[in-house]
>>> print(open('entry00.cif').read())   # mmCIF, C-alpha atoms
data_data
loop_
_atom_site.label_atom_id
_atom_site.label_comp_id
_atom_site.auth_asym_id
_atom_site.auth_seq_id
_atom_site.Cartn_x
_atom_site.Cartn_y
_atom_site.Cartn_z
CA MET T 1 5.19 15.93 -13.51
CA THR T 2 2.62 18.59 -14.19
CA PRO T 3 -1.07 17.97 -13.46
CA ARG T 4 -1.86 18.00 -17.14
CA LEU T 5 0.68 15.25 -17.78
CA ARG T 6 -0.79 13.27 -14.91
CA LEU T 7 -4.29 13.51 -16.38
CA VAL T 8 -3.00 12.49 -19.81
CA LEU T 9 -1.38 9.41 -18.25
CA LEU T 10 -4.64 8.59 -16.43
CA ALA T 11 -6.58 8.89 -19.69
CA LEU T 12 -4.08 6.58 -21.43
CA ALA T 13 -4.33 4.00 -18.65
CA LEU T 14 -8.13 4.13 -18.73
CA ALA T 15 -8.09 3.74 -22.51
CA CYS T 16 -6.04 0.57 -22.11
CA ILE T 17 -8.26 -0.88 -19.37
CA ALA T 18 -11.64 0.25 -20.76
CA PRO T 19 -11.97 -2.44 -23.51
CA ALA T 20 -11.53 -5.15 -20.88
CA LEU T 21 -14.19 -3.72 -18.54
CA PRO T 22 -17.32 -5.01 -20.34
CA ALA T 23 -15.77 -8.47 -20.57
CA VAL T 24 -14.95 -8.50 -16.86
CA ILE T 25 -18.34 -7.18 -15.75
CA GLY T 26 -20.09 -9.67 -18.00
CA ALA T 27 -18.04 -12.55 -16.62
CA LEU T 28 -18.97 -11.74 -13.02
CA PRO T 29 -21.73 -13.96 -11.56
CA VAL T 30 -25.30 -12.78 -11.91
CA PHE T 31 -26.28 -10.58 -8.96
CA GLY T 32 -28.09 -12.73 -6.42
CA SER T 33 -26.93 -16.11 -7.66
CA HIS T 34 -24.37 -16.48 -4.87
CA PRO T 35 -21.80 -18.92 -6.25
CA LEU T 36 -19.67 -19.29 -3.10
CA PRO T 37 -20.02 -22.67 -1.31
CA TYR T 38 -18.17 -21.86 1.93
CA GLY T 39 -20.95 -19.62 3.25
CA ASP T 40 -23.59 -22.30 2.68
CA ILE T 41 -21.54 -24.85 4.59
CA ILE T 42 -21.13 -22.50 7.53
CA ASN T 43 -24.83 -21.65 7.56
CA ARG T 44 -25.66 -25.33 7.65
CA LEU T 45 -23.11 -26.62 10.14
CA ALA T 46 -22.18 -23.81 12.52
CA PRO T 47 -25.34 -23.64 14.70
CA ALA T 48 -25.02 -27.30 15.62
CA GLU T 49 -21.24 -27.30 15.90
CA ARG T 50 -20.72 -24.16 17.98
CA HIS T 51 -24.19 -23.52 19.49
CA VAL T 52 -24.31 -19.94 18.21
CA THR T 53 -26.97 -18.19 16.15
CA ASN T 54 -24.87 -15.31 14.72
CA MET T 55 -22.95 -16.75 11.79
CA VAL T 56 -20.90 -13.61 11.17
CA SER T 57 -19.50 -13.71 14.71
CA ALA T 58 -18.82 -17.41 14.37
CA VAL T 59 -16.77 -16.76 11.23
CA ASN T 60 -15.00 -13.76 12.78
CA PHE T 61 -14.05 -15.23 16.12
CA ASP T 62 -13.96 -18.98 15.63
CA TYR T 63 -13.64 -20.29 12.09
CA ARG T 64 -11.39 -17.40 10.98
CA GLY T 65 -10.22 -16.34 14.45
CA PHE T 66 -6.59 -16.16 13.41
CA ASP T 67 -7.38 -13.58 10.73
CA THR T 68 -9.18 -11.47 13.31
CA LEU T 69 -6.04 -11.62 15.46
CA GLY T 70 -4.15 -10.12 12.53
CA GLU T 71 -6.78 -7.39 12.16
CA GLU T 72 -6.52 -6.71 15.88
CA MET T 73 -2.77 -6.21 15.53
CA MET T 74 -3.37 -3.86 12.59
CA LEU T 75 -5.65 -1.74 14.78
CA PHE T 76 -3.07 -1.78 17.57
CA VAL T 77 -0.26 -0.72 15.24
CA ALA T 78 -2.32 2.07 13.65
CA VAL T 79 -3.32 3.50 17.05
CA THR T 80 0.23 3.22 18.38
CA GLY T 81 1.60 4.93 15.28
CA THR T 82 -0.85 7.79 15.60
CA ALA T 83 -0.06 8.22 19.30
CA VAL T 84 3.69 8.21 18.65
CA LEU T 85 3.34 10.72 15.81
CA LEU T 86 1.18 13.13 17.75
CA ARG T 87 2.58 12.73 21.24
CA GLY T 88 6.15 12.77 20.02
CA THR T 89 6.05 16.38 18.93
CA ARG T 90 3.69 17.59 21.61
CA GLY T 91 4.56 15.75 24.80
CA GLU T 92 2.08 14.04 27.09
CA ALA T 93 0.86 17.00 29.14
CA ILE T 94 -2.73 18.18 29.13
CA THR T 95 -2.93 21.82 28.04
CA ALA T 96 -5.56 24.06 29.51
CA LEU T 97 -6.43 26.59 26.83
CA PRO T 98 -8.14 25.96 23.52
CA ALA T 99 -6.39 27.32 20.47
CA THR T 100 -8.04 30.42 19.05
CA VAL T 101 -7.92 31.87 15.58
CA PRO T 102 -7.90 35.68 15.56
CA GLY T 103 -10.98 37.15 13.94
CA ARG T 104 -13.18 34.15 14.68
CA GLN T 105 -15.35 34.32 17.78
CA ILE T 106 -15.87 31.40 20.12
CA PRO T 107 -19.47 30.08 19.89
CA PRO T 108 -21.49 30.61 23.10
CA HIS T 109 -22.07 27.81 25.58
CA SER T 110 -25.20 25.85 24.61
CA GLU T 111 -27.36 24.41 27.38
CA ALA T 112 -29.44 22.30 25.00
CA LEU T 113 -26.35 20.55 23.71
CA VAL T 114 -25.09 19.80 27.22
CA LEU T 115 -28.48 18.42 28.29
CA THR T 116 -28.87 16.25 25.20
CA ALA T 117 -25.34 14.91 25.48
CA ARG T 118 -25.75 14.15 29.17
CA TRP T 119 -28.90 12.18 28.44
CA PHE T 120 -27.66 10.28 25.43
CA ALA T 121 -24.06 9.51 26.36
CA PRO T 122 -24.88 6.94 29.09
CA VAL T 123 -27.62 5.44 26.91
CA THR T 124 -25.20 5.08 23.99
CA ILE T 125 -22.50 3.49 26.14
CA LEU T 126 -25.04 1.10 27.65
CA PHE T 127 -26.27 0.22 24.17
CA GLY T 128 -22.70 -0.41 23.08
CA ILE T 129 -22.15 -2.80 25.99
CA TYR T 130 -25.42 -4.56 25.08
CA VAL T 131 -24.26 -4.98 21.47
CA VAL T 132 -20.91 -6.39 22.64
CA LEU T 133 -22.49 -8.90 25.00
CA HIS T 134 -24.94 -10.22 22.40
CA ALA T 135 -22.20 -11.15 19.93
CA THR T 136 -23.11 -14.78 19.50
CA VAL T 137 -26.88 -14.37 19.63
CA THR T 138 -28.11 -11.38 17.59
CA PRO T 139 -26.32 -8.92 15.27
CA GLY T 140 -23.44 -7.59 17.29
CA GLY T 141 -19.89 -8.21 18.35
CA GLY T 142 -16.73 -6.65 19.63
CA PHE T 143 -16.08 -4.44 16.61
CA GLN T 144 -19.55 -2.92 16.37
CA GLY T 145 -20.01 -2.51 20.12
CA GLY T 146 -16.53 -1.05 20.53
CA VAL T 147 -17.17 1.74 18.04
CA ILE T 148 -20.60 2.43 19.56
CA ILE T 149 -18.95 2.83 22.98
CA ALA T 150 -16.37 5.13 21.40
CA SER T 151 -19.10 7.32 19.93
CA GLY T 152 -20.67 7.46 23.39
CA LEU T 153 -17.35 8.78 24.70
CA LEU T 154 -17.51 11.45 22.02
CA LEU T 155 -20.97 12.47 23.24
CA LEU T 156 -19.42 12.80 26.70
CA TYR T 157 -16.92 15.26 25.26
CA LEU T 158 -19.75 17.30 23.75
CA GLY T 159 -21.56 17.40 27.05
CA GLU T 160 -18.74 18.03 29.51
CA GLY T 161 -16.32 20.19 27.56
CA TYR T 162 -12.65 19.45 27.17
CA ALA T 163 -11.47 19.90 30.77
CA GLY T 164 -14.15 17.73 32.37
CA TRP T 165 -13.77 15.10 29.68
CA ARG T 166 -10.00 14.84 30.14
CA ARG T 167 -10.40 14.39 33.88
CA PHE T 168 -12.33 11.23 33.00
CA MET T 169 -10.26 10.01 30.05
CA ARG T 170 -6.70 9.72 31.24
CA ASN T 171 -3.85 8.47 29.10
CA GLY T 172 -2.83 5.66 31.46
CA PRO T 173 -6.12 3.74 31.77
CA LEU T 174 -6.92 4.20 28.08
CA ASP T 175 -3.57 2.80 27.02
CA ALA T 176 -4.04 -0.10 29.44
CA ILE T 177 -7.51 -0.91 28.10
CA GLU T 178 -6.38 -0.84 24.50
CA GLY T 179 -3.17 -2.76 24.97
CA GLY T 180 -4.82 -5.15 27.39
CA GLY T 181 -7.51 -5.99 24.88
CA ALA T 182 -5.02 -6.71 22.13
CA ALA T 183 -2.81 -8.76 24.47
CA ALA T 184 -5.79 -10.67 25.88
CA TYR T 185 -6.71 -11.89 22.39
CA ALA T 186 -3.20 -13.15 21.71
CA LEU T 187 -2.87 -14.71 25.15
CA ALA T 188 -6.34 -16.29 25.08
CA GLY T 189 -5.07 -18.43 22.26
CA PHE T 190 -2.49 -20.00 24.55
CA GLY T 191 -5.19 -21.19 26.96
CA PRO T 192 -6.23 -24.13 24.75
CA MET T 193 -2.60 -25.09 24.34
CA LEU T 194 -2.39 -25.73 28.10
CA VAL T 195 -4.83 -28.63 27.68
CA GLY T 196 -3.16 -30.02 24.62
CA ALA T 197 -5.28 -28.43 21.89
CA GLN T 198 -4.15 -26.11 19.11
CA TYR T 199 -3.70 -22.35 19.39
CA LEU T 200 -7.14 -20.62 19.58
CA GLN T 201 -9.03 -23.91 19.36
CA ASN T 202 -12.44 -23.77 20.98
CA VAL T 203 -12.11 -25.98 24.08
CA LEU T 204 -14.34 -24.14 26.57
CA PRO T 205 -17.84 -25.56 27.20
CA LEU T 206 -20.06 -24.45 24.35
CA GLY T 207 -23.22 -23.67 26.31
CA SER T 208 -26.64 -23.87 24.71
CA MET T 209 -27.89 -21.84 21.79
CA LYS T 210 -29.54 -18.43 22.27
CA LEU T 211 -27.79 -17.87 25.60
CA LEU T 212 -25.27 -15.07 26.04
CA LEU T 213 -22.51 -17.42 27.18
CA SER T 214 -22.61 -19.74 24.18
CA GLY T 215 -19.76 -20.37 21.82
CA GLY T 216 -16.95 -21.20 24.22
CA LEU T 217 -13.77 -19.26 23.53
CA MET T 218 -15.74 -16.80 21.36
CA VAL T 219 -16.96 -14.99 24.48
CA VAL T 220 -13.41 -14.29 25.73
CA VAL T 221 -12.12 -13.26 22.33
CA ASN T 222 -15.14 -11.04 21.68
CA ALA T 223 -14.71 -9.17 24.97
CA SER T 224 -11.01 -8.57 24.30
CA VAL T 225 -11.81 -7.18 20.84
CA ALA T 226 -14.40 -4.82 22.35
CA PHE T 227 -11.87 -3.49 24.87
CA ALA T 228 -9.23 -3.01 22.22
CA VAL T 229 -11.52 -1.22 19.77
CA ALA T 230 -13.15 1.06 22.35
CA GLY T 231 -9.81 1.91 23.96
CA GLY T 232 -8.16 2.43 20.59
CA PHE T 233 -10.77 4.85 19.34
CA GLY T 234 -10.73 6.63 22.72
CA ILE T 235 -6.98 7.15 22.36
CA LEU T 236 -7.47 8.47 18.81
CA PHE T 237 -10.08 10.99 19.94
CA VAL T 238 -7.94 12.14 22.86
CA GLU T 239 -4.82 12.58 20.72
CA PHE T 240 -6.56 14.48 17.96
CA LEU T 241 -8.53 16.73 20.31
CA GLU T 242 -5.36 17.52 22.23
CA GLU T 243 -3.95 18.87 18.98
CA THR T 244 -6.55 21.62 18.96
CA ARG T 245 -5.33 23.11 22.22
CA ALA T 246 -3.05 26.13 22.38
CA GLU T 247 0.64 25.68 23.01
CA ASP T 248 1.82 25.99 26.58
CA PRO T 249 3.48 29.44 26.78
CA THR T 250 5.74 28.39 29.66
CA GLN T 251 7.53 25.74 27.57
CA MET S 252 -30.15 -3.96 -14.72
CA THR S 253 -28.56 -7.00 -13.11
CA LEU S 254 -25.17 -5.44 -13.96
CA LEU S 255 -25.96 -2.34 -11.86
CA PRO S 256 -24.07 -3.42 -8.68
CA TRP S 257 -20.87 -4.17 -10.59
CA ALA S 258 -21.18 -0.94 -12.57
CA VAL S 259 -21.60 1.02 -9.33
CA CYS S 260 -18.45 -0.61 -7.88
CA VAL S 261 -16.41 0.22 -10.98
CA TRP S 262 -17.77 3.78 -11.00
CA LEU S 263 -16.95 4.35 -7.31
CA PHE S 264 -13.41 3.03 -7.78
CA ALA S 265 -12.84 5.14 -10.88
CA ILE S 266 -14.22 8.38 -9.42
CA GLY S 267 -12.24 7.86 -6.21
CA LEU S 268 -9.06 7.33 -8.21
CA TYR S 269 -9.77 10.46 -10.25
CA GLY S 270 -10.27 12.40 -7.02
CA ILE S 271 -6.95 11.17 -5.62
CA ILE S 272 -5.07 12.14 -8.76
CA THR S 273 -6.54 15.61 -9.15
CA SER S 274 -6.70 16.56 -5.48
CA ARG S 275 -5.37 19.91 -4.24
CA HIS S 276 -5.62 19.24 -0.50
CA TYR S 277 -4.34 16.23 1.37
CA VAL S 278 -7.38 15.90 3.61
CA HIS S 279 -9.59 15.86 0.51
CA LEU S 280 -7.32 13.14 -0.87
CA ILE S 281 -7.87 10.98 2.21
CA GLY S 282 -11.62 11.40 1.78
CA CYS S 283 -11.38 10.17 -1.82
CA LEU S 284 -9.43 7.16 -0.53
CA SER S 285 -12.44 6.28 1.61
CA VAL S 286 -14.61 6.31 -1.52
CA VAL S 287 -12.27 3.76 -3.14
CA GLN S 288 -12.54 1.61 -0.01
CA SER S 289 -16.34 1.74 -0.12
CA ALA S 290 -16.21 0.37 -3.67
CA THR S 291 -14.65 -2.83 -2.34
CA TYR S 292 -17.24 -3.11 0.43
CA VAL S 293 -20.12 -2.86 -2.05
CA LEU S 294 -18.45 -5.43 -4.34
CA LEU S 295 -17.95 -7.99 -1.55
CA LEU S 296 -21.46 -7.66 -0.16
CA ALA S 297 -23.05 -7.76 -3.62
CA ILE S 298 -21.27 -11.04 -4.36
CA GLY S 299 -22.59 -12.59 -1.15
CA PHE S 300 -26.19 -11.59 -1.79
CA ARG S 301 -28.91 -14.11 -2.67
CA TRP S 302 -32.51 -13.43 -3.64
CA GLY S 303 -35.16 -14.45 -1.13
CA ALA S 304 -32.63 -15.00 1.67
CA GLY S 305 -32.44 -13.27 5.03
CA ALA S 306 -29.58 -12.21 7.25
CA PRO S 307 -27.28 -15.01 8.54
CA ILE S 308 -28.69 -14.71 12.07
CA PHE S 309 -30.72 -17.73 13.17
CA TYR S 310 -32.22 -16.34 16.37
CA ASP S 311 -35.81 -15.98 15.20
CA HIS S 312 -36.01 -18.62 12.50
CA PRO S 313 -34.54 -22.12 12.62
CA PRO S 314 -31.11 -22.85 11.15
CA GLY S 315 -31.87 -24.02 7.66
CA THR S 316 -33.74 -21.03 6.30
CA PRO S 317 -31.99 -19.46 3.30
CA ALA S 318 -29.40 -16.88 4.35
CA VAL S 319 -26.82 -14.73 2.61
CA ASP S 320 -23.11 -15.41 2.82
CA PRO S 321 -21.63 -14.67 6.27
CA VAL S 322 -17.97 -14.97 5.24
CA VAL S 323 -17.90 -11.82 3.10
CA GLN S 324 -19.81 -9.97 5.83
CA ALA S 325 -17.12 -10.91 8.34
CA LEU S 326 -14.45 -9.59 5.96
CA VAL S 327 -16.18 -6.26 5.38
CA LEU S 328 -17.04 -5.80 9.06
CA THR S 329 -13.48 -5.87 10.33
CA ASP S 330 -12.35 -3.94 7.27
CA ILE S 331 -14.56 -0.94 8.08
CA VAL S 332 -13.34 -0.57 11.65
CA ILE S 333 -9.66 -1.13 10.86
CA GLY S 334 -9.93 1.19 7.85
CA ALA S 335 -11.11 3.93 10.17
CA ALA S 336 -8.03 3.50 12.38
CA VAL S 337 -5.71 3.57 9.35
CA THR S 338 -7.47 6.71 8.10
CA ALA S 339 -6.76 8.28 11.49
CA LEU S 340 -3.07 7.43 11.03
CA LEU S 341 -3.13 9.09 7.60
CA LEU S 342 -4.74 12.19 9.10
CA ALA S 343 -2.00 12.34 11.74
CA LEU S 344 0.57 12.19 8.94
CA ALA S 345 -1.19 15.03 7.13
CA LEU S 346 -1.16 17.06 10.36
CA GLN S 347 2.59 16.54 10.76
CA LEU S 348 3.08 17.53 7.14
CA HIS S 349 1.25 20.78 7.75
CA ARG S 350 3.33 21.48 10.85
CA ARG S 351 6.56 21.08 8.93
CA SER S 352 5.80 22.82 5.65
CA GLY S 353 2.82 25.04 6.33
CA THR S 354 0.81 23.86 3.35
CA LEU S 355 -1.25 20.82 2.37
CA ASP S 356 -1.21 21.24 -1.39
CA PRO S 357 0.28 18.25 -3.25
CA GLU S 358 1.35 20.57 -6.07
CA ALA S 359 3.40 22.74 -3.75
CA LEU S 360 5.03 19.81 -1.95
CA ARG S 361 6.85 18.06 -4.77
CA PRO S 362 10.08 16.37 -3.63
CA MET S 363 12.58 17.69 -6.16
CA GLN S 364 12.36 21.44 -6.49
CA MET X 365 -34.12 -6.40 -9.10
CA THR X 366 -36.35 -4.61 -6.64
CA LEU X 367 -36.89 -0.88 -6.84
CA LEU X 368 -35.39 -0.33 -3.39
CA LEU X 369 -32.08 -1.95 -4.32
CA VAL X 370 -31.89 -0.07 -7.62
CA LEU X 371 -32.52 3.26 -5.87
CA LEU X 372 -29.96 2.52 -3.15
CA PHE X 373 -27.26 1.52 -5.63
CA VAL X 374 -27.80 4.66 -7.69
CA LEU X 375 -27.78 6.78 -4.50
CA THR X 376 -24.49 5.15 -3.47
CA ALA X 377 -22.88 6.14 -6.76
CA VAL X 378 -24.24 9.69 -6.43
CA ALA X 379 -23.03 10.02 -2.83
CA GLY X 380 -19.54 8.77 -3.73
CA THR X 381 -19.37 11.25 -6.59
CA GLY X 382 -20.49 14.00 -4.20
CA VAL X 383 -17.65 13.19 -1.81
CA VAL X 384 -15.05 13.44 -4.56
CA LEU X 385 -16.44 16.56 -6.21
CA SER X 386 -16.61 18.58 -2.95
CA ARG X 387 -13.19 20.15 -3.14
CA ASP X 388 -13.40 22.19 0.05
CA PRO X 389 -12.47 19.81 2.90
CA ARG X 390 -15.05 21.23 5.30
CA ARG X 391 -17.87 20.64 2.82
CA GLN X 392 -16.47 17.24 2.02
CA VAL X 393 -16.87 16.17 5.65
CA LEU X 394 -20.66 16.56 5.44
CA ALA X 395 -20.70 14.74 2.11
CA MET X 396 -18.76 11.90 3.76
CA SER X 397 -21.31 11.74 6.56
CA ALA X 398 -24.15 11.43 4.04
CA ASN X 399 -22.14 8.82 2.14
CA GLY X 400 -21.78 6.77 5.32
CA LEU X 401 -25.51 6.92 5.99
CA ILE X 402 -26.42 5.82 2.47
CA LEU X 403 -23.87 2.99 2.58
CA ALA X 404 -25.36 1.80 5.88
CA LEU X 405 -28.84 1.74 4.30
CA LEU X 406 -27.47 -0.20 1.33
CA PHE X 407 -25.84 -2.75 3.63
CA PHE X 408 -29.13 -3.18 5.50
CA ALA X 409 -30.94 -3.80 2.20
CA LEU X 410 -28.28 -6.38 1.28
CA GLN X 411 -29.20 -8.34 4.46
CA ALA X 412 -26.01 -7.47 6.40
CA PRO X 413 -27.01 -5.94 9.76
CA ASP X 414 -23.60 -6.34 11.45
CA VAL X 415 -21.84 -4.50 8.66
CA ALA X 416 -24.49 -1.77 8.69
CA TYR X 417 -23.87 -1.22 12.42
CA SER X 418 -20.17 -0.61 11.88
CA GLU X 419 -20.59 1.55 8.81
CA LEU X 420 -23.28 3.66 10.49
CA VAL X 421 -21.17 4.53 13.51
CA VAL X 422 -17.83 4.82 11.75
CA GLY X 423 -18.92 6.56 8.57
CA THR X 424 -21.45 8.94 10.08
CA ALA X 425 -20.04 9.82 13.49
CA ALA X 426 -16.50 8.77 14.28
CA LEU X 427 -14.63 9.54 11.06
CA PRO X 428 -16.26 12.91 10.22
CA VAL X 429 -15.49 14.10 13.75
CA LEU X 430 -11.85 13.13 13.29
CA TYR X 431 -11.74 15.01 9.99
CA LEU X 432 -13.31 18.12 11.55
CA VAL X 433 -10.86 18.04 14.47
CA VAL X 434 -7.89 17.73 12.09
CA LEU X 435 -9.19 20.63 9.99
CA ALA X 436 -9.66 22.70 13.16
CA SER X 437 -6.11 22.06 14.36
CA ILE X 438 -4.75 22.81 10.89
CA ARG X 439 -6.57 26.13 10.91
CA ALA X 440 -5.52 26.97 14.47
CA GLY X 441 -1.95 25.86 13.91
CA ARG X 442 -1.44 28.25 11.06
CA THR X 443 -1.17 31.11 13.52
CA ARG X 444 1.43 29.34 15.65
CA GLU X 445 4.31 29.33 13.21
#
>>> encode(input="entry00.cif", output="structure tokens")
Amino acid sequence: MTPRLRLVLLALALACIAPALPAVIGALPVFGSHPLPYGDIINRLAPAERHVTNMVSAVNFDYRGFDTLGEEMMLFVAVTGTAVLLRGTRGEAITALPATVPGRQIPPHSEALVLTARWFAPVTILFGIYVVLHATVTPGGGFQGGVIIASGLLLLYLGEGYAGWRRFMRNGPLDAIEGGGAAAYALAGFGPMLVGAQYLQNVLPLGSMKLLLSGGLMVVVNASVAFAVAGGFGILFVEFLEETRAEDPTQ
Amino acid sequence: MTLLPWAVCVWLFAIGLYGIITSRHYVHLIGCLSVVQSATYVLLLAIGFRWGAGAPIFYDHPPGTPAVDPVVQALVLTDIVIGAAVTALLLALALQLHRRSGTLDPEALRPMQ
Amino acid sequence: MTLLLVLLFVLTAVAGTGVVLSRDPRRQVLAMSANGLILALLFFALQAPDVAYSELVVGTAALPVLYLVVLASIRAGRTRE
């Protein structure tokens, strides 16, 4: 199928869909009218029911907690697939030399970059932990805080260089953090079943609003999501950066 | 002017699809896929919006003040992070493709030659 | 329809078009970073701070770095085989 034929087919498909577009766009609700009732119910009932002030976290970890378990498994599978693909052809060793392209010089070592990264990496990781802990109180949660921690790990790479960074980020602990987070979410659901409730039902004491430990089971689930996301993105960075190293000449 | 959000979503989806179809480099194709994904994020958040309402966080003001829809925000939030992990998987696939065939041009990699 | 929302929606469409029309992958990475930033601003204006957090970090920092690393290993790997 030549590119020209592909574009002709695209034009034909668009010509068939285009007459329906104005009808569909006109039938959508007016922007800002908000026709969905479920959100209003949650906004009205959730603060009193679960003693939390962040409605998005309440929906993510409590009212729709089972869906978030599915998303967690999707993250786990994607990270595992990437690790299998990249480690399978390369092995698990840590290679010492960066790959070089002939004719392209290596940029000189920059002191300003190292200083900036060494200042901002701990601050970023601390901020990520703060965002994770304040899941049920202010905007935050396991997903956001996990990616902020992962970007702090990237700043560590910029500051320390590859060798120093890999001494800190080993395969074993990273895999344990990521897998442990995903497993902790699934296993935390069985806790309520020990006392006769349903899977993932919120049976822990709810605490009082505006405290960090409010929301019951949401705190446990939120922490496990943060571990899984931070560990998962750490594994992704390690695997991809390992691909830029030169091949081991002794193998 | 009230149709602008929906028009922007349709435009983003269409231009992303056009980019995927006419791409000459697999990494560029994955970037266009992210544009298509962002069209769905904008659509979901635009549906949940309400005039004169604040964020669905009741820390500073009492529960009862008008707020936008938190359900669609929860959907988009997990979608962004998981979409990034799936994009990483796609990039690993593109890397393996380059290792095996030396090129990343969809035109040069057709199955039946 | 406030002016801020109109401007942000139009900027989102322009940024998405910029990502698609940058055919060179290395230029496209910077366009993707700008796209992530503009999307995060749009999500803030639509009263969604949690979503803006995720989009800011993922779209501006984590994903463009992954793209750059993949492009670097593609370029370095070409001399291996």
>>> residues_around(input="entry00.cif", residues="stretch 383-400 of chain X", least_positions_apart="3", cutoff="6 Å", atoms="all atoms listed in the file", output="ChimeraX atom specification")
/S:270,279,283 /X:379-380,403,423-424,428
>>> closest_atom_pairs(input="entry00.cif", of="stretch 375-425 of chain X", to="stretch 233-244 of chain T", cutoff="12 Å", atoms="all atoms listed in the file", output="CSV")
residue,atom,partner,partner_atom,distance
X:Val421,CA,T:Phe233,CA,11.9
X:Val422,CA,T:Phe233,CA,10.4
X:Ala425,CA,T:Phe237,CA,11.9
>>> write_last_selection(input="entry00.cif", atoms="C-alpha atoms", output="short mmCIF file (atom, residue, chain, number, x, y, z; two decimals), keeping the file's coordinate frame")
data_model
loop_
_atom_site.label_atom_id
_atom_site.label_comp_id
_atom_site.auth_asym_id
_atom_site.auth_seq_id
_atom_site.Cartn_x
_atom_site.Cartn_y
_atom_site.Cartn_z
CA VAL X 421 -21.17 4.53 13.51
CA VAL X 422 -17.83 4.82 11.75
CA ALA X 425 -20.04 9.82 13.49
#
>>> resolve_selection(input="entry00.cif", expression="the PyMOL selection byres ((chain X) within 8 of (chain T))", output="PDB file with C-alpha atoms, in the frame of the given file")
ATOM      1  CA  PRO X 413     -27.010  -5.940   9.760  1.00  0.00           C
ATOM      2  CA  ASP X 414     -23.600  -6.340  11.450  1.00  0.00           C
ATOM      3  CA  TYR X 417     -23.870  -1.220  12.420  1.00  0.00           C
ATOM      4  CA  SER X 418     -20.170  -0.610  11.880  1.00  0.00           C
ATOM      5  CA  VAL X 421     -21.170   4.530  13.510  1.00  0.00           C
ATOM      6  CA  VAL X 422     -17.830   4.820  11.750  1.00  0.00           C
ATOM      7  CA  ALA X 425     -20.040   9.820  13.490  1.00  0.00           C
ATOM      8  CA  ALA X 426     -16.500   8.770  14.280  1.00  0.00           C
ATOM      9  CA  LEU X 430     -11.850  13.130  13.290  1.00  0.00           C
ATOM     10  CA  VAL X 433     -10.860  18.040  14.470  1.00  0.00           C
ATOM     11  CA  VAL X 434      -7.890  17.730  12.090  1.00  0.00           C
ATOM     12  CA  ALA X 436      -9.660  22.700  13.160  1.00  0.00           C
ATOM     13  CA  SER X 437      -6.110  22.060  14.360  1.00  0.00           C
ATOM     14  CA  ARG X 439      -6.570  26.130  10.910  1.00  0.00           C
ATOM     15  CA  ALA X 440      -5.520  26.970  14.470  1.00  0.00           C
ATOM     16  CA  THR X 443      -1.170  31.110  13.520  1.00  0.00           C
TER      17      THR X 443
END
>>> atom_distance(input="entry00.cif", atom1="atom CA of S:Val287", atom2="atom CA of S:His349")
24.3 Å
>>> atom_distance(input="entry00.cif", atom1="atom CA of T:Asn202", atom2="atom CA of T:Val219")
10.5 Å
>>> interface_residues(input="entry00.cif", of="chain S", to="chain X", cutoff="7 Å", atoms="all atoms listed in the file", output="VMD selection string")
chain S and resid 253 256 259 263 266 to 267 270 278 to 279 283 286 300 305 to 306 324 327 to 328 331 to 332 335 346
>>> closest_residue(input="entry00.cif", among="T:Val203, T:Met209, T:Ile106, T:Val114", to="chain S", atoms="all atoms listed in the file")
T:Met209
>>> resolve_selection(input="entry00.cif", expression="the PyMOL selection byres ((chain S) within 7 of (chain T))", output="number ranges by chain")
S: 253, 257, 297-302, 307-310, 314-315, 320-322, 324-325, 329, 332-333, 336-337, 340, 343
>>> closest_residue(input="entry00.cif", among="T:Val132, T:Leu212, T:Leu187, T:Leu158", to="T:Ala117", atoms="only C-alpha atoms")
T:Leu158
>>> resolve_selection(input="entry00.cif", expression="the PyMOL selection byres ((chain T and resi 165) around 12)", output="JSON, numbers by chain")
{"T": [94, 153, 154, 155, 156, 157, 158, 159, 160, 161, 162, 163, 164, 166, 167, 168, 169, 170, 171, 234, 237, 238, 241, 242]}
>>> atom_distance(input="entry00.cif", atom1="atom CA of S:Thr338", atom2="atom CA of S:Ile281")
7.3 Å
>>> residues_around(input="entry00.cif", residues="T:Gly180", least_positions_apart="3", cutoff="12 Å", atoms="all atoms listed in the file", output="ChimeraX atom specification")
/T:72,76,172-177,183-188,223-232
>>> build_atoms(input="entry00.cif", residues="stretch 76-81 of chain T", atoms="N, CA and C atoms", output="PDB file, keeping the file's coordinate frame")
ATOM      1  N   PHE T  76      -4.021  -2.145  16.528  1.00  0.00           N
ATOM      2  CA  PHE T  76      -3.070  -1.780  17.570  1.00  0.00           C
ATOM      3  C   PHE T  76      -1.923  -0.963  16.993  1.00  0.00           C
ATOM      4  N   VAL T  77      -1.388  -1.414  15.848  1.00  0.00           N
ATOM      5  CA  VAL T  77      -0.260  -0.720  15.240  1.00  0.00           C
ATOM      6  C   VAL T  77      -0.671   0.665  14.758  1.00  0.00           C
ATOM      7  N   ALA T  78      -1.881   0.769  14.152  1.00  0.00           N
ATOM      8  CA  ALA T  78      -2.320   2.070  13.650  1.00  0.00           C
ATOM      9  C   ALA T  78      -2.495   3.056  14.799  1.00  0.00           C
ATOM     10  N   VAL T  79      -3.108   2.595  15.913  1.00  0.00           N
ATOM     11  CA  VAL T  79      -3.320   3.500  17.050  1.00  0.00           C
ATOM     12  C   VAL T  79      -1.991   3.880  17.679  1.00  0.00           C
ATOM     13  N   THR T  80      -1.085   2.910  17.813  1.00  0.00           N
ATOM     14  CA  THR T  80       0.230   3.220  18.380  1.00  0.00           C
ATOM     15  C   THR T  80       0.977   4.202  17.494  1.00  0.00           C
ATOM     16  N   GLY T  81       0.915   3.998  16.178  1.00  0.00           N
ATOM     17  CA  GLY T  81       1.600   4.930  15.280  1.00  0.00           C
ATOM     18  C   GLY T  81       1.065   6.334  15.398  1.00  0.00           C
TER      19      GLY T  81
END
